[in-house]
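See structure below.
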Amino acid sequence: MSECTHDCNSCGENCAERKTNPEDFRVKLSAGSSVKKVIGVVSGKGGVGKSMVTSLLACASMREGYKTAILDGDITGPSIPKAFGIKENLVGNIDGLILPATTTMGIDMVSVNLMLANETDPVIWRGPVLGGVIKQFWGETLWQNIDYMFIDMPPGTGDVPLTIFQSVPLDGIIIVASPQELVGMIVEKAVNMARMMQIPIIGLVENMSYVECPDCGKKIYVFGESHIDEIAAQYDVPVLARIPMDAKLAAACDAGKIEFAENDYMNDAMEVLKKL
């Protein structure tokens, strides 16, 4: 048998893994759970601030009055709990379901870091185990009356992002990039994967877009002039936000107080999400 391409239309009928309907891969929510909209936050490479954007989106959603949740899908590099100052371990109920942790402002959250004895313990697991955790986080957690769930996805186009694309009913993805010209190629990988998996692309967010001078307010483009508008036009998707290098925001994340950081970076993105 030839190597699996994850495209079941190309498989022979005798392939044990063949599924004719993409929804056959979907994992059902647990009894009593309800999630209205699921948004994946992705990047073609690491280090562009995907977890920051996920956190800001969740905070913006919460401020709009929506019941909000975060599924931290970056299993080997989880950083969401740190940004919100959450340290207690996840627990289960009598039905064996995971009960999400809740932030100060009421955002529900699951992360592998909330299952470790020490938050600095490395997660040295192989692909199938990582995929199994994602399915548990989605299908074996009690998600109660969630309006918007944001999934912080691992960077790249590997096994875990594929598991999320196939197992979770995503309403769309937001792609996070940085200003370097290389990003054009990196964004293209994320765009192409989403289109291959038939997942809508909601828009692009440019992180580390500029630094604002504290004295005169001038924008300084540390990585050179942005190419995000060209990339957005190329793929016919909107630019949802341009986030500067913000020292106060970084300090709030380090202190576990991102919910209390005053900013309007995701206001336009939320307007788009409300129209889904």
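Following the order of the structure tokens, first chain is A, next is B, and so on, with residues numbered from 1 inside each chain and ligands from 1 in the order they appear.
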
Each residue of stretch 20-62 of chain A with at least one atom at most 12 Å from stretch 199-205 of chain A should appear once, together with its nearest atom pair and the corresponding distance in Å (one decimal); atoms considered: only C-alpha atoms; ordering: chain, then increasing residue number; output as a Markdown table.
```
| residue | atom | partner | partner_atom | distance |
| --- | --- | --- | --- | --- |
| A:Pro22 | CA | A:Ile199 | CA | 11.3 |
| A:Val38 | CA | A:Ile199 | CA | 11.4 |
| A:Ile39 | CA | A:Ile202 | CA | 8.8 |
| A:Gly40 | CA | A:Ile201 | CA | 9.5 |
| A:Val41 | CA | A:Val205 | CA | 9.7 |
| A:Val42 | CA | A:Leu204 | CA | 9.8 |
| A:Ser43 | CA | A:Leu204 | CA | 9.9 |
| A:Val48 | CA | A:Val205 | CA | 10.1 |
| A:Gly49 | CA | A:Val205 | CA | 9.9 |
| A:Lys50 | CA | A:Val205 | CA | 9.3 |
| A:Met52 | CA | A:Val205 | CA | 11.1 |
| A:Val53 | CA | A:Val205 | CA | 8.0 |
| A:Thr54 | CA | A:Val205 | CA | 10.7 |
| A:Leu56 | CA | A:Val205 | CA | 11.4 |
| A:Leu57 | CA | A:Val205 | CA | 10.9 |
```

*Neighbour list for stretch 217-232 of chain A as a VMD selection string, cut-off 12 Å, only C-alpha atoms, skip fewer than 3 positions in-chain*: chain A and resid 174 to 188 191 201 to 214 235 to 246

If you keep N, CA and C atoms, can you produce a file of those selected residues as a CSV table (one decimal), in the first residue's frame?
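Produced file out-v8.csv, reproduced below:
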```
chain,number,residue,atom,x,y,z
A,174,ILE,N,-7.8,31.8,11.8
A,174,ILE,CA,-7.1,33.1,11.7
A,174,ILE,C,-5.6,32.8,11.6
A,175,ILE,N,-4.9,33.3,10.6
A,175,ILE,CA,-3.5,33.1,10.4
A,175,ILE,C,-2.7,34.2,11.0
A,176,VAL,N,-1.7,33.9,11.8
A,176,VAL,CA,-0.9,34.9,12.4
A,176,VAL,C,0.5,34.9,11.7
A,177,ALA,N,1.0,36.1,11.4
A,177,ALA,CA,2.2,36.3,10.7
A,177,ALA,C,3.0,37.4,11.3
A,178,SER,N,4.3,37.5,10.9
A,178,SER,CA,5.1,38.7,11.3
A,178,SER,C,5.5,39.4,10.0
A,179,PRO,N,6.1,40.6,10.1
A,179,PRO,CA,6.3,41.4,8.9
A,179,PRO,C,7.4,40.9,7.9
A,180,GLN,N,8.3,40.0,8.2
A,180,GLN,CA,9.4,39.7,7.3
A,180,GLN,C,8.9,39.1,6.0
A,181,GLU,N,9.7,39.4,5.0
A,181,GLU,CA,9.3,38.9,3.6
A,181,GLU,C,9.1,37.4,3.6
A,182,LEU,N,9.9,36.7,4.4
A,182,LEU,CA,9.8,35.2,4.4
A,182,LEU,C,8.4,34.8,4.8
A,183,VAL,N,7.7,35.6,5.5
A,183,VAL,CA,6.3,35.3,6.0
A,183,VAL,C,5.4,35.0,4.8
A,184,GLY,N,5.6,35.6,3.6
A,184,GLY,CA,4.8,35.3,2.5
A,184,GLY,C,4.8,33.8,2.2
A,185,MET,N,5.9,33.2,2.2
A,185,MET,CA,6.0,31.8,1.9
A,185,MET,C,5.4,31.0,3.1
A,186,ILE,N,5.6,31.4,4.3
A,186,ILE,CA,5.1,30.7,5.5
A,186,ILE,C,3.6,30.8,5.6
A,187,VAL,N,3.0,32.0,5.3
A,187,VAL,CA,1.6,32.1,5.2
A,187,VAL,C,1.0,31.3,4.2
A,188,GLU,N,1.6,31.2,3.0
A,188,GLU,CA,1.1,30.4,1.9
A,188,GLU,C,1.0,28.9,2.3
A,191,VAL,N,-2.2,28.7,4.4
A,191,VAL,CA,-3.3,28.9,3.5
A,191,VAL,C,-3.6,27.7,2.7
A,201,ILE,N,-10.8,30.5,5.7
A,201,ILE,CA,-9.8,31.4,6.3
A,201,ILE,C,-10.5,32.7,6.6
A,202,ILE,N,-10.5,33.1,7.9
A,202,ILE,CA,-11.3,34.3,8.3
A,202,ILE,C,-10.4,35.5,8.0
A,203,GLY,N,-9.1,35.5,8.2
A,203,GLY,CA,-8.3,36.6,7.9
A,203,GLY,C,-6.9,36.5,8.5
A,204,LEU,N,-6.1,37.5,8.4
A,204,LEU,CA,-4.7,37.5,8.8
A,204,LEU,C,-4.5,38.5,10.0
A,205,VAL,N,-3.7,38.2,10.9
A,205,VAL,CA,-3.2,39.1,11.9
A,205,VAL,C,-1.7,39.2,11.8
A,206,GLU,N,-1.3,40.5,11.8
A,206,GLU,CA,0.2,40.7,11.8
A,206,GLU,C,0.6,41.1,13.2
A,207,ASN,N,1.5,40.3,13.8
A,207,ASN,CA,2.0,40.6,15.1
A,207,ASN,C,3.4,41.2,15.0
A,208,MET,N,3.8,41.9,16.0
A,208,MET,CA,5.1,42.6,16.0
A,208,MET,C,5.3,43.5,14.8
A,209,SER,N,4.1,44.1,14.5
A,209,SER,CA,4.0,44.9,13.2
A,209,SER,C,4.9,46.2,13.3
A,210,TYR,N,5.0,46.8,14.4
A,210,TYR,CA,5.8,48.0,14.6
A,210,TYR,C,6.1,48.3,16.0
A,211,VAL,N,6.9,49.3,16.3
A,211,VAL,CA,7.1,49.8,17.6
A,211,VAL,C,6.7,51.3,17.6
A,212,GLU,N,5.9,51.7,18.6
A,212,GLU,CA,5.5,53.1,18.7
A,212,GLU,C,6.4,53.9,19.6
A,213,CYS,N,7.0,55.0,19.1
A,213,CYS,CA,7.9,55.8,19.9
A,213,CYS,C,7.1,56.4,21.1
A,214,PRO,N,7.5,56.2,22.3
A,214,PRO,CA,6.8,56.7,23.5
A,214,PRO,C,6.8,58.2,23.6
A,235,TYR,N,-4.5,36.4,-1.4
A,235,TYR,CA,-5.4,35.2,-1.1
A,235,TYR,C,-6.8,35.7,-0.8
A,236,ASP,N,-7.1,37.0,-1.1
A,236,ASP,CA,-8.5,37.5,-1.0
A,236,ASP,C,-9.0,37.3,0.4
A,237,VAL,N,-8.2,37.6,1.4
A,237,VAL,CA,-8.7,37.6,2.8
A,237,VAL,C,-8.4,38.9,3.5
A,238,PRO,N,-9.1,39.3,4.5
A,238,PRO,CA,-8.9,40.6,5.2
A,238,PRO,C,-7.8,40.6,6.2
A,239,VAL,N,-7.2,41.7,6.4
A,239,VAL,CA,-6.3,41.9,7.5
A,239,VAL,C,-7.1,42.3,8.8
A,240,LEU,N,-7.1,41.5,9.8
A,240,LEU,CA,-7.9,41.7,10.9
A,240,LEU,C,-7.3,42.6,12.0
A,241,ALA,N,-6.0,42.6,12.1
A,241,ALA,CA,-5.3,43.4,13.1
A,241,ALA,C,-3.8,43.5,12.8
A,242,ARG,N,-3.3,44.6,13.2
A,242,ARG,CA,-1.8,44.8,13.2
A,242,ARG,C,-1.4,45.1,14.7
A,243,ILE,N,-0.7,44.2,15.3
A,243,ILE,CA,-0.4,44.3,16.7
A,243,ILE,C,1.1,44.8,16.8
A,244,PRO,N,1.3,45.9,17.5
A,244,PRO,CA,2.7,46.4,17.7
A,244,PRO,C,3.4,45.6,18.8
A,245,MET,N,4.7,45.9,18.9
A,245,MET,CA,5.5,45.4,20.0
A,245,MET,C,5.1,46.3,21.2
A,246,ASP,N,4.4,45.7,22.1
A,246,ASP,CA,3.8,46.5,23.2
A,246,ASP,C,4.4,46.0,24.5
```

*asked:* Report as a list of chain:residue names all protein, DNA and RNA residues lying within 12 Å of stretch 32-34 of chain A, evaluated on only C-alpha atoms, omitting residues in the same chain fewer than 4 positions from it.
replied: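 Everything that qualifies: A:Lys28, A:Val38, A:Lys67, A:Thr68, A:Ala69, A:Asp95, A:Leu97, A:Ile98, A:Leu99, A:Pro100, A:Trp138, A:Gly139, A:Glu140, A:Thr141, A:Leu142, A:Trp143, A:Gln144, A:Asn145, A:Ile146, A:Asp147, A:Tyr148, A:Met149.
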
Would you list, as a compact mmCIF listing (two decimals) with all heavy atoms, in the first residue's frame, the residues of stretch 31-267 of chain A that end up in strand (DSSP E) under DSSP run on this structure's backbone?
```txt
# COMPACT_ATOMS: atom_id res chain seq x y z
N VAL A 35 -20.91 24.16 22.01
CA VAL A 35 -19.96 25.16 21.49
C VAL A 35 -20.52 25.67 20.17
O VAL A 35 -20.69 24.90 19.23
CB VAL A 35 -18.55 24.56 21.28
CG1 VAL A 35 -17.60 25.64 20.76
CG2 VAL A 35 -18.02 23.96 22.58
N LYS A 36 -20.79 26.98 20.09
CA LYS A 36 -21.42 27.53 18.89
C LYS A 36 -20.42 27.79 17.76
O LYS A 36 -20.66 27.41 16.62
CB LYS A 36 -22.15 28.82 19.25
CG LYS A 36 -23.34 28.60 20.18
CD LYS A 36 -24.01 29.92 20.55
CE LYS A 36 -25.16 29.70 21.52
NZ LYS A 36 -25.77 30.99 21.95
N LYS A 37 -19.31 28.47 18.06
CA LYS A 37 -18.33 28.80 17.03
C LYS A 37 -16.94 28.40 17.49
O LYS A 37 -16.56 28.66 18.63
CB LYS A 37 -18.34 30.31 16.72
CG LYS A 37 -19.66 30.82 16.14
CD LYS A 37 -19.91 30.26 14.75
CE LYS A 37 -21.21 30.81 14.17
NZ LYS A 37 -21.51 30.22 12.83
N VAL A 38 -16.20 27.77 16.58
CA VAL A 38 -14.84 27.30 16.90
C VAL A 38 -13.87 27.94 15.91
O VAL A 38 -14.00 27.75 14.69
CB VAL A 38 -14.72 25.77 16.82
CG1 VAL A 38 -13.35 25.32 17.32
CG2 VAL A 38 -15.83 25.10 17.63
N ILE A 39 -12.90 28.69 16.43
CA ILE A 39 -11.94 29.41 15.61
C ILE A 39 -10.54 28.89 15.91
O ILE A 39 -10.08 28.93 17.06
CB ILE A 39 -11.98 30.93 15.89
CG1 ILE A 39 -13.43 31.45 15.88
CG2 ILE A 39 -11.10 31.68 14.90
CD1 ILE A 39 -14.16 31.27 14.59
N GLY A 40 -9.84 28.42 14.89
CA GLY A 40 -8.46 28.00 15.04
C GLY A 40 -7.51 29.16 14.78
O GLY A 40 -7.73 29.95 13.85
N VAL A 41 -6.49 29.29 15.61
CA VAL A 41 -5.47 30.33 15.42
C VAL A 41 -4.18 29.62 15.04
O VAL A 41 -3.62 28.84 15.82
CB VAL A 41 -5.28 31.17 16.71
CG1 VAL A 41 -4.25 32.28 16.47
CG2 VAL A 41 -6.60 31.76 17.16
N VAL A 42 -3.71 29.86 13.81
CA VAL A 42 -2.63 29.06 13.26
C VAL A 42 -1.48 29.95 12.78
O VAL A 42 -1.62 31.16 12.60
CB VAL A 42 -3.13 28.20 12.07
CG1 VAL A 42 -4.38 27.43 12.45
CG2 VAL A 42 -3.42 29.06 10.84
N THR A 68 -16.78 32.43 26.60
CA THR A 68 -15.60 32.18 25.78
C THR A 68 -14.76 31.06 26.36
O THR A 68 -14.69 30.88 27.58
CB THR A 68 -14.75 33.47 25.69
OG1 THR A 68 -15.58 34.54 25.19
CG2 THR A 68 -13.57 33.29 24.75
N ALA A 69 -14.11 30.32 25.47
CA ALA A 69 -13.23 29.23 25.91
C ALA A 69 -11.97 29.21 25.06
O ALA A 69 -11.95 29.68 23.92
CB ALA A 69 -13.95 27.89 25.81
N ILE A 70 -10.91 28.66 25.63
CA ILE A 70 -9.65 28.43 24.91
C ILE A 70 -9.27 26.97 25.05
O ILE A 70 -9.20 26.44 26.17
CB ILE A 70 -8.50 29.30 25.45
CG1 ILE A 70 -8.82 30.78 25.33
CG2 ILE A 70 -7.20 28.98 24.71
CD1 ILE A 70 -7.75 31.69 25.94
N LEU A 71 -9.03 26.32 23.93
CA LEU A 71 -8.46 24.98 23.91
C LEU A 71 -7.00 25.14 23.48
O LEU A 71 -6.73 25.52 22.35
CB LEU A 71 -9.22 24.07 22.96
CG LEU A 71 -8.91 22.57 23.00
CD1 LEU A 71 -10.07 21.77 22.38
CD2 LEU A 71 -7.62 22.20 22.30
N ASP A 72 -6.08 24.89 24.40
CA ASP A 72 -4.66 25.06 24.12
C ASP A 72 -4.16 23.81 23.39
O ASP A 72 -3.83 22.81 24.00
CB ASP A 72 -3.90 25.26 25.43
CG ASP A 72 -2.45 25.68 25.20
OD1 ASP A 72 -2.01 25.70 24.04
OD2 ASP A 72 -1.76 25.98 26.19
N VAL A 91 -9.41 19.01 36.85
CA VAL A 91 -10.04 17.90 37.56
C VAL A 91 -11.18 17.36 36.71
O VAL A 91 -11.56 17.95 35.70
CB VAL A 91 -10.57 18.35 38.95
CG1 VAL A 91 -9.43 18.81 39.83
CG2 VAL A 91 -11.62 19.45 38.79
N GLY A 92 -11.73 16.21 37.13
CA GLY A 92 -12.83 15.59 36.42
C GLY A 92 -14.08 15.55 37.26
O GLY A 92 -14.03 15.77 38.48
N ILE A 98 -13.52 16.03 31.77
CA ILE A 98 -12.60 17.06 32.25
C ILE A 98 -13.40 18.34 32.50
O ILE A 98 -14.23 18.75 31.68
CB ILE A 98 -11.51 17.33 31.20
CG1 ILE A 98 -10.69 16.06 30.92
CG2 ILE A 98 -10.58 18.47 31.66
CD1 ILE A 98 -9.78 16.18 29.71
N LEU A 99 -13.15 18.96 33.63
CA LEU A 99 -13.74 20.27 33.92
C LEU A 99 -12.71 21.35 33.61
O LEU A 99 -11.62 21.34 34.18
CB LEU A 99 -14.17 20.35 35.38
CG LEU A 99 -15.23 19.35 35.84
CD1 LEU A 99 -15.51 19.50 37.33
CD2 LEU A 99 -16.52 19.52 35.03
N ALA A 101 -10.50 24.74 33.51
CA ALA A 101 -10.17 25.80 34.46
C ALA A 101 -10.87 27.07 34.01
O ALA A 101 -11.21 27.23 32.83
CB ALA A 101 -8.66 26.00 34.51
N THR A 102 -11.08 28.00 34.94
CA THR A 102 -11.74 29.25 34.61
C THR A 102 -10.87 30.42 35.05
O THR A 102 -10.39 30.45 36.18
CB THR A 102 -13.12 29.35 35.30
OG1 THR A 102 -13.91 28.22 34.91
CG2 THR A 102 -13.85 30.62 34.87
N ASP A 108 -13.22 29.85 30.06
CA ASP A 108 -12.92 28.45 30.31
C ASP A 108 -11.70 28.03 29.50
O ASP A 108 -11.50 28.49 28.36
CB ASP A 108 -14.11 27.57 29.92
CG ASP A 108 -15.25 27.68 30.93
OD1 ASP A 108 -15.05 28.28 32.00
OD2 ASP A 108 -16.35 27.16 30.64
N MET A 109 -10.90 27.13 30.06
CA MET A 109 -9.62 26.82 29.44
C MET A 109 -9.17 25.39 29.76
O MET A 109 -9.34 24.93 30.89
CB MET A 109 -8.56 27.80 29.96
CG MET A 109 -7.14 27.53 29.55
SD MET A 109 -5.98 28.52 30.52
CE MET A 109 -6.63 30.16 30.25
N VAL A 110 -8.62 24.71 28.76
CA VAL A 110 -7.90 23.46 29.01
C VAL A 110 -6.52 23.57 28.37
O VAL A 110 -6.35 24.16 27.30
CB VAL A 110 -8.63 22.21 28.47
CG1 VAL A 110 -9.92 21.96 29.22
CG2 VAL A 110 -8.87 22.30 26.98
N ILE A 146 -20.77 27.51 25.41
CA ILE A 146 -19.68 28.32 24.87
C ILE A 146 -20.13 29.00 23.58
O ILE A 146 -20.61 28.35 22.65
CB ILE A 146 -18.43 27.45 24.60
CG1 ILE A 146 -17.97 26.74 25.88
CG2 ILE A 146 -17.32 28.31 24.01
CD1 ILE A 146 -17.59 27.65 27.01
N ASP A 147 -20.00 30.32 23.53
CA ASP A 147 -20.31 31.07 22.30
C ASP A 147 -19.14 31.01 21.31
O ASP A 147 -19.34 30.74 20.12
CB ASP A 147 -20.64 32.53 22.63
CG ASP A 147 -21.91 32.66 23.45
OD1 ASP A 147 -22.93 32.09 23.03
OD2 ASP A 147 -21.88 33.34 24.49
N TYR A 148 -17.93 31.29 21.81
CA TYR A 148 -16.74 31.26 20.96
C TYR A 148 -15.64 30.46 21.65
O TYR A 148 -15.30 30.73 22.80
CB TYR A 148 -16.20 32.68 20.70
CG TYR A 148 -17.04 33.49 19.75
CD1 TYR A 148 -17.99 34.39 20.23
CD2 TYR A 148 -16.88 33.38 18.37
CE1 TYR A 148 -18.77 35.15 19.37
CE2 TYR A 148 -17.65 34.13 17.50
CZ TYR A 148 -18.59 35.02 18.00
OH TYR A 148 -19.35 35.76 17.14
N MET A 149 -15.13 29.47 20.94
CA MET A 149 -13.94 28.76 21.40
C MET A 149 -12.78 29.08 20.45
O MET A 149 -12.92 29.00 19.22
CB MET A 149 -14.16 27.24 21.41
CG MET A 149 -12.87 26.46 21.74
SD MET A 149 -13.09 24.66 21.67
CE MET A 149 -13.99 24.40 23.20
N PHE A 150 -11.64 29.44 21.04
CA PHE A 150 -10.44 29.70 20.26
C PHE A 150 -9.44 28.59 20.53
O PHE A 150 -9.16 28.26 21.69
CB PHE A 150 -9.85 31.07 20.62
CG PHE A 150 -10.79 32.20 20.32
CD1 PHE A 150 -11.61 32.74 21.32
CD2 PHE A 150 -10.88 32.73 19.05
CE1 PHE A 150 -12.49 33.77 21.05
CE2 PHE A 150 -11.76 33.77 18.76
CZ PHE A 150 -12.57 34.29 19.77
N ILE A 151 -8.92 27.99 19.47
CA ILE A 151 -7.95 26.91 19.60
C ILE A 151 -6.57 27.42 19.22
O ILE A 151 -6.34 27.83 18.08
CB ILE A 151 -8.32 25.70 18.73
CG1 ILE A 151 -9.71 25.17 19.11
CG2 ILE A 151 -7.27 24.60 18.87
CD1 ILE A 151 -10.13 23.93 18.35
N ASP A 152 -5.67 27.44 20.20
CA ASP A 152 -4.28 27.81 19.95
C ASP A 152 -3.59 26.59 19.36
O ASP A 152 -3.29 25.63 20.06
CB ASP A 152 -3.61 28.24 21.26
CG ASP A 152 -2.18 28.71 21.05
OD1 ASP A 152 -1.82 29.00 19.90
OD2 ASP A 152 -1.44 28.78 22.05
N GLY A 172 -13.60 28.29 11.05
CA GLY A 172 -12.62 29.04 10.28
C GLY A 172 -11.33 29.17 11.05
O GLY A 172 -11.25 28.81 12.23
N ILE A 173 -10.29 29.67 10.38
CA ILE A 173 -9.01 29.88 11.02
C ILE A 173 -8.55 31.31 10.83
O ILE A 173 -8.93 31.99 9.86
CB ILE A 173 -7.91 28.92 10.49
CG1 ILE A 173 -7.64 29.19 9.01
CG2 ILE A 173 -8.28 27.47 10.75
CD1 ILE A 173 -6.38 28.52 8.49
N ILE A 174 -7.76 31.78 11.77
CA ILE A 174 -7.08 33.07 11.68
C ILE A 174 -5.59 32.77 11.61
O ILE A 174 -5.06 32.03 12.45
CB ILE A 174 -7.41 33.95 12.89
CG1 ILE A 174 -8.89 34.38 12.83
CG2 ILE A 174 -6.51 35.19 12.92
CD1 ILE A 174 -9.37 35.12 14.06
N ILE A 175 -4.92 33.31 10.62
CA ILE A 175 -3.49 33.06 10.42
C ILE A 175 -2.69 34.22 10.98
O ILE A 175 -2.96 35.39 10.68
CB ILE A 175 -3.17 32.87 8.92
CG1 ILE A 175 -3.96 31.67 8.37
CG2 ILE A 175 -1.68 32.65 8.71
CD1 ILE A 175 -3.81 31.47 6.87
N VAL A 176 -1.72 33.89 11.82
CA VAL A 176 -0.86 34.90 12.45
C VAL A 176 0.48 34.93 11.73
O VAL A 176 1.07 33.87 11.45
CB VAL A 176 -0.65 34.60 13.94
CG1 VAL A 176 0.18 35.70 14.60
CG2 VAL A 176 -1.99 34.46 14.65
N ALA A 177 0.96 36.12 11.43
CA ALA A 177 2.23 36.27 10.73
C ALA A 177 3.01 37.43 11.33
O ALA A 177 2.49 38.20 12.13
CB ALA A 177 1.98 36.52 9.24
N ILE A 201 -10.79 30.52 5.69
CA ILE A 201 -9.78 31.42 6.25
C ILE A 201 -10.47 32.74 6.57
O ILE A 201 -10.95 33.44 5.68
CB ILE A 201 -8.62 31.63 5.28
CG1 ILE A 201 -7.96 30.30 4.93
CG2 ILE A 201 -7.59 32.59 5.87
CD1 ILE A 201 -7.02 30.36 3.74
N ILE A 202 -10.54 33.07 7.86
CA ILE A 202 -11.26 34.27 8.29
C ILE A 202 -10.45 35.52 8.00
O ILE A 202 -10.99 36.55 7.59
CB ILE A 202 -11.59 34.18 9.79
CG1 ILE A 202 -12.51 32.97 10.03
CG2 ILE A 202 -12.25 35.47 10.29
CD1 ILE A 202 -12.70 32.64 11.49
N GLY A 203 -9.12 35.46 8.20
CA GLY A 203 -8.29 36.62 7.94
C GLY A 203 -6.90 36.46 8.51
O GLY A 203 -6.56 35.40 9.07
N LEU A 204 -6.10 37.51 8.37
CA LEU A 204 -4.71 37.52 8.83
C LEU A 204 -4.54 38.52 9.97
O LEU A 204 -5.17 39.57 9.98
CB LEU A 204 -3.77 37.90 7.68
CG LEU A 204 -3.85 37.12 6.37
CD1 LEU A 204 -2.84 37.68 5.38
CD2 LEU A 204 -3.60 35.64 6.60
N VAL A 205 -3.66 38.16 10.89
CA VAL A 205 -3.23 39.10 11.93
C VAL A 205 -1.72 39.24 11.85
O VAL A 205 -1.00 38.24 11.82
CB VAL A 205 -3.63 38.58 13.34
CG1 VAL A 205 -2.99 39.45 14.42
CG2 VAL A 205 -5.14 38.57 13.50
N GLU A 206 -1.25 40.47 11.77
CA GLU A 206 0.19 40.71 11.77
C GLU A 206 0.63 41.09 13.17
O GLU A 206 0.18 42.10 13.72
CB GLU A 206 0.55 41.82 10.78
CG GLU A 206 2.06 42.03 10.68
CD GLU A 206 2.43 43.06 9.63
OE1 GLU A 206 2.17 44.26 9.85
OE2 GLU A 206 2.95 42.66 8.57
N VAL A 211 6.89 49.29 16.30
CA VAL A 211 7.08 49.84 17.64
C VAL A 211 6.68 51.30 17.61
O VAL A 211 7.05 52.02 16.68
CB VAL A 211 8.55 49.70 18.11
CG1 VAL A 211 8.74 50.41 19.46
CG2 VAL A 211 8.95 48.25 18.21
N GLU A 212 5.92 51.72 18.59
CA GLU A 212 5.50 53.13 18.65
C GLU A 212 6.41 53.90 19.60
O GLU A 212 6.60 53.51 20.74
CB GLU A 212 4.05 53.23 19.11
CG GLU A 212 3.51 54.64 19.05
CD GLU A 212 2.03 54.70 19.34
OE1 GLU A 212 1.24 54.09 18.57
OE2 GLU A 212 1.66 55.34 20.34
N LYS A 219 5.56 55.52 14.33
CA LYS A 219 5.65 54.07 14.18
C LYS A 219 6.99 53.70 13.55
O LYS A 219 7.34 54.22 12.48
CB LYS A 219 4.50 53.53 13.33
CG LYS A 219 3.13 53.67 13.99
CD LYS A 219 2.03 53.13 13.10
CE LYS A 219 0.67 53.25 13.78
NZ LYS A 219 -0.43 52.74 12.93
N ILE A 220 7.72 52.83 14.21
CA ILE A 220 9.02 52.37 13.72
C ILE A 220 8.88 50.92 13.29
O ILE A 220 8.50 50.05 14.09
CB ILE A 220 10.09 52.49 14.82
CG1 ILE A 220 10.18 53.94 15.32
CG2 ILE A 220 11.44 52.00 14.31
CD1 ILE A 220 11.01 54.10 16.58
N VAL A 239 -7.21 41.72 6.42
CA VAL A 239 -6.28 41.90 7.53
C VAL A 239 -7.12 42.29 8.75
O VAL A 239 -7.78 43.32 8.75
CB VAL A 239 -5.23 43.00 7.23
CG1 VAL A 239 -4.33 43.21 8.44
CG2 VAL A 239 -4.40 42.62 6.01
N LEU A 240 -7.09 41.47 9.77
CA LEU A 240 -7.95 41.66 10.94
C LEU A 240 -7.31 42.59 11.97
O LEU A 240 -8.03 43.26 12.71
CB LEU A 240 -8.27 40.32 11.58
CG LEU A 240 -8.97 39.29 10.70
CD1 LEU A 240 -9.14 37.98 11.45
CD2 LEU A 240 -10.31 39.81 10.21
N ALA A 241 -5.98 42.58 12.05
CA ALA A 241 -5.31 43.40 13.08
C ALA A 241 -3.84 43.51 12.76
O ALA A 241 -3.24 42.63 12.14
CB ALA A 241 -5.51 42.79 14.47
N ARG A 242 -3.27 44.62 13.22
CA ARG A 242 -1.82 44.82 13.22
C ARG A 242 -1.41 45.13 14.66
O ARG A 242 -1.74 46.20 15.17
CB ARG A 242 -1.42 45.97 12.29
CG ARG A 242 -1.67 45.69 10.80
CD ARG A 242 -1.35 46.93 9.97
NE ARG A 242 -1.39 46.67 8.54
CZ ARG A 242 -2.49 46.71 7.80
NH1 ARG A 242 -3.65 47.01 8.39
NH2 ARG A 242 -2.46 46.44 6.52
```

*Residues near A:Ser79, cut-off 10 Å, only C-alpha atoms, skip fewer than 5 positions along chain, as a VMD selection string*: chain A and resid 51 to 52 55 72 74 84 111 to 113 119 152 253

*Can you tell me, as a VMD selection string, what residues are no more than 7 Å from stretch 58-65 of chain A when counting only C-alpha atoms, ignoring any on the same chain fewer than 6 positions away?*
chain A and resid 150 259 266 to 267 270

*Just the residues within 9 Å of A:Thr76, please, counting only C-alpha atoms, with nothing from its chain fewer than 6 positions along; format it as a PyMOL selection string.*
chain A and resi 112+122-125+130+154

_Interatomic distance, atom CA of A:Asn89 to atom CA of A:Ala31 (Å, one decimal)_ = 22.6 Å

_DSSP on the backbone, helix (DSSP H, G or I) only: what residues of stretch 71-212 of chain A does that give? Format it as number ranges by chain._
A: 80-84, 112-114, 127-139, 159-167, 183-196

Could you write those residues out with C-alpha atoms, as a short mmCIF file (atom, residue, chain, number, x, y, z; two decimals), in the first residue's frame?
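To be explicit, this is the file written out as result_21.cif:
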```
data_model
loop_
_atom_site.label_atom_id
_atom_site.label_comp_id
_atom_site.auth_asym_id
_atom_site.auth_seq_id
_atom_site.Cartn_x
_atom_site.Cartn_y
_atom_site.Cartn_z
CA ILE A 80 -1.84 30.05 27.46
CA PRO A 81 -2.13 29.30 31.23
CA LYS A 82 0.90 31.49 31.90
CA ALA A 83 -0.70 34.49 30.21
CA PHE A 84 -3.83 34.14 32.36
CA VAL A 112 -1.74 20.14 29.01
CA ASN A 113 0.24 22.42 31.35
CA LEU A 114 -2.67 22.16 33.76
CA GLY A 127 2.27 12.14 17.39
CA PRO A 128 -0.54 9.64 18.11
CA VAL A 129 -0.49 10.49 21.82
CA LEU A 130 -0.58 14.22 21.08
CA GLY A 131 -3.52 13.70 18.74
CA GLY A 132 -5.31 11.69 21.40
CA VAL A 133 -4.99 14.54 23.89
CA ILE A 134 -6.51 16.97 21.39
CA LYS A 135 -9.49 14.66 20.92
CA GLN A 136 -9.91 14.37 24.69
CA PHE A 137 -9.74 18.12 25.16
CA TRP A 138 -12.51 18.56 22.59
CA GLY A 139 -14.72 15.51 23.18
CA ASP A 159 0.37 15.80 12.74
CA VAL A 160 -1.35 17.78 15.51
CA PRO A 161 -2.72 20.57 13.26
CA LEU A 162 -4.00 17.83 10.94
CA THR A 163 -5.73 16.13 13.88
CA ILE A 164 -7.45 19.39 14.83
CA PHE A 165 -8.54 20.09 11.25
CA GLN A 166 -10.03 16.61 10.96
CA SER A 167 -11.43 16.08 14.46
CA VAL A 183 6.33 35.27 5.96
CA GLY A 184 4.82 35.33 2.47
CA MET A 185 5.99 31.76 1.95
CA ILE A 186 5.10 30.72 5.51
CA VAL A 187 1.58 32.13 5.23
CA GLU A 188 1.14 30.36 1.92
CA LYS A 189 1.79 27.00 3.60
CA ALA A 190 -0.92 27.67 6.19
CA VAL A 191 -3.33 28.93 3.53
CA ASN A 192 -2.75 25.91 1.32
CA MET A 193 -3.25 23.46 4.20
CA ALA A 194 -6.51 25.13 5.19
CA ARG A 195 -7.79 25.00 1.63
CA MET A 196 -6.78 21.36 1.23
#
```
